[in-house]
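One structure is given here, and the rest of the page talks about it.
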Amino acid sequence: GKPIDVTPVVYRLKWLRENEPERLDHAKKILDVHGYLTLKLTGTPSASWTSADPFGLFDISRKAWSQPILDHLDIKPSQLPDAA
């Protein structure tokens, strides 16, 4: 768990889901800077565990995206980069 903070992307995604849901519905990938640069350099969007954690969607103990949080935000796992 993490203390509540404005930094994690999860809060912005919640706002988008409630106010501009079409943006999330049409997003092929939800990436941070690391994921975007990895995509541009390698052609594959991916995130390290440490760069995935600040999203607020990552279960660091399982080293996987948190399905309950994704379900709550109606985000498909395929919209997120592979975490490695």
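Ligands are numbered from 1 in the order shown, chains are lettered A, B, ... in the order of the structure tokens, and residues start at 1 in each chain.
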**OP:** Using DSSP on the backbone, list every residue of chain A that comes out as strand (DSSP E), and give them as JSON, numbers by chain.
**Re:** {"A": [46, 47, 58, 59, 64, 65, 82, 83]}
Store the residues picked out above in a file with N, CA and C atoms, as a compact mmCIF listing (two decimals), in the first residue's frame.
# COMPACT_ATOMS: atom_id res chain seq x y z
N SER A 46 6.95 -1.33 -22.35
CA SER A 46 7.17 -2.10 -21.13
C SER A 46 7.52 -1.15 -20.00
N ALA A 47 7.41 -1.68 -18.79
CA ALA A 47 7.71 -0.88 -17.60
C ALA A 47 8.44 -1.76 -16.60
N PHE A 58 -0.31 -0.93 -9.62
CA PHE A 58 0.60 -2.07 -9.61
C PHE A 58 0.66 -2.68 -8.23
N ASP A 59 0.51 -4.00 -8.16
CA ASP A 59 0.65 -4.73 -6.90
C ASP A 59 2.10 -5.20 -6.82
N ALA A 64 2.62 -7.49 -10.45
CA ALA A 64 1.63 -7.54 -11.52
C ALA A 64 0.65 -6.39 -11.34
N TRP A 65 -0.02 -6.02 -12.43
CA TRP A 65 -1.06 -5.00 -12.35
C TRP A 65 -2.18 -5.52 -11.47
N ASP A 82 3.70 -4.16 -20.45
CA ASP A 82 4.16 -5.34 -19.73
C ASP A 82 5.10 -4.87 -18.63
N ALA A 83 4.96 -5.44 -17.45
CA ALA A 83 5.83 -5.08 -16.33
C ALA A 83 6.86 -6.19 -16.15
Leaving out stretch 37-40 of chain A and any residue of its chain fewer than 4 positions from it, which residues lie within 12 Å of it when counting only C-alpha atoms, given as an mmCIF file with C-alpha atoms, in the first residue's frame?
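Final output, result07.cif:
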data_model
loop_
_atom_site.group_PDB
_atom_site.id
_atom_site.type_symbol
_atom_site.label_atom_id
_atom_site.label_comp_id
_atom_site.auth_asym_id
_atom_site.auth_seq_id
_atom_site.Cartn_x
_atom_site.Cartn_y
_atom_site.Cartn_z
ATOM 1 C CA LYS A 29 -1.763 2.091 -24.134
ATOM 2 C CA ILE A 30 -1.482 4.031 -20.899
ATOM 3 C CA LEU A 31 2.202 4.832 -20.510
ATOM 4 C CA ASP A 32 4.450 6.939 -18.356
ATOM 5 C CA VAL A 33 7.622 8.525 -19.716
ATOM 6 C CA THR A 44 7.550 -2.683 -27.299
ATOM 7 C CA PRO A 45 5.876 -0.808 -24.447
ATOM 8 C CA SER A 46 7.169 -2.102 -21.133
ATOM 9 C CA ALA A 47 7.708 -0.881 -17.601
ATOM 10 C CA SER A 48 10.056 -1.934 -14.856
ATOM 11 C CA SER A 51 8.398 2.596 -12.875
ATOM 12 C CA LEU A 80 -0.947 -1.180 -19.794
ATOM 13 C CA PRO A 81 2.668 -1.982 -20.618
ATOM 14 C CA ASP A 82 4.164 -5.340 -19.731
ATOM 15 C CA ALA A 83 5.828 -5.083 -16.326
#
**OP:** Can you work out the spacing between atom CA of A:Lys76 and atom CA of A:Lys63 in Å, to one decimal?
**Re:**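 Calculated distance between atom CA of A:Lys76 and atom CA of A:Lys63 is 17.0 Å.
Distances from A:Val9, A:Gln67, A:Ser61, A:Asp74 to A:Glu22 were compared using only C-alpha atoms, and the smallest one belongs to A:Asp74.
Residues of stretch 48-83 of chain A that DSSP places in alpha helix (DSSP H), based on the backbone of this structure, are Trp49, Thr50, Ser51, Ala52, Gln67, Pro68, Ile69, Leu70, Asp71, His72 and Leu73 of chain A.
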Restricting the output to N, CA and C atoms, write the selected residues as a CSV table (one decimal), in the first residue's frame.
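As written to disk, out30.csv reads:
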chain,number,residue,atom,x,y,z
A,49,TRP,N,9.3,-2.8,-12.7
A,49,TRP,CA,8.4,-2.8,-11.5
A,49,TRP,C,8.5,-1.4,-10.8
A,50,THR,N,9.7,-0.8,-10.8
A,50,THR,CA,9.8,0.5,-10.1
A,50,THR,C,9.2,1.6,-10.8
A,51,SER,N,9.1,1.5,-12.2
A,51,SER,CA,8.4,2.6,-12.9
A,51,SER,C,6.9,2.3,-12.9
A,52,ALA,N,6.5,1.1,-12.8
A,52,ALA,CA,5.1,0.7,-12.8
A,52,ALA,C,4.4,1.1,-11.5
A,67,GLN,N,-5.6,-6.4,-10.6
A,67,GLN,CA,-6.9,-6.6,-11.3
A,67,GLN,C,-8.1,-5.9,-10.7
A,68,PRO,N,-8.2,-5.9,-9.3
A,68,PRO,CA,-9.3,-5.2,-8.7
A,68,PRO,C,-9.3,-3.7,-9.0
A,69,ILE,N,-8.2,-3.1,-9.0
A,69,ILE,CA,-8.1,-1.7,-9.3
A,69,ILE,C,-8.4,-1.4,-10.8
A,70,LEU,N,-7.9,-2.3,-11.7
A,70,LEU,CA,-8.2,-2.2,-13.1
A,70,LEU,C,-9.7,-2.3,-13.3
A,71,ASP,N,-10.3,-3.3,-12.6
A,71,ASP,CA,-11.7,-3.5,-12.8
A,71,ASP,C,-12.5,-2.3,-12.3
A,72,HIS,N,-12.1,-1.7,-11.2
A,72,HIS,CA,-12.8,-0.5,-10.7
A,72,HIS,C,-12.7,0.6,-11.6
A,73,LEU,N,-11.6,0.8,-12.3
A,73,LEU,CA,-11.4,1.9,-13.3
A,73,LEU,C,-11.9,1.5,-14.7
Subject >> Coordinates-based distance that separates atom CA of A:Arg12 from atom CA of A:Lys28 (Å, one decimal) >> reply: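 Separation between atom CA of A:Lys28 and atom CA of A:Arg12: 16.9 Å.
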**OP:** Could you jot down the atom CA of A:Trp15 to atom CA of A:Gly43 separation for me, Å, one decimal place?
**Re:**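 Those two atoms sit 29.2 Å apart.
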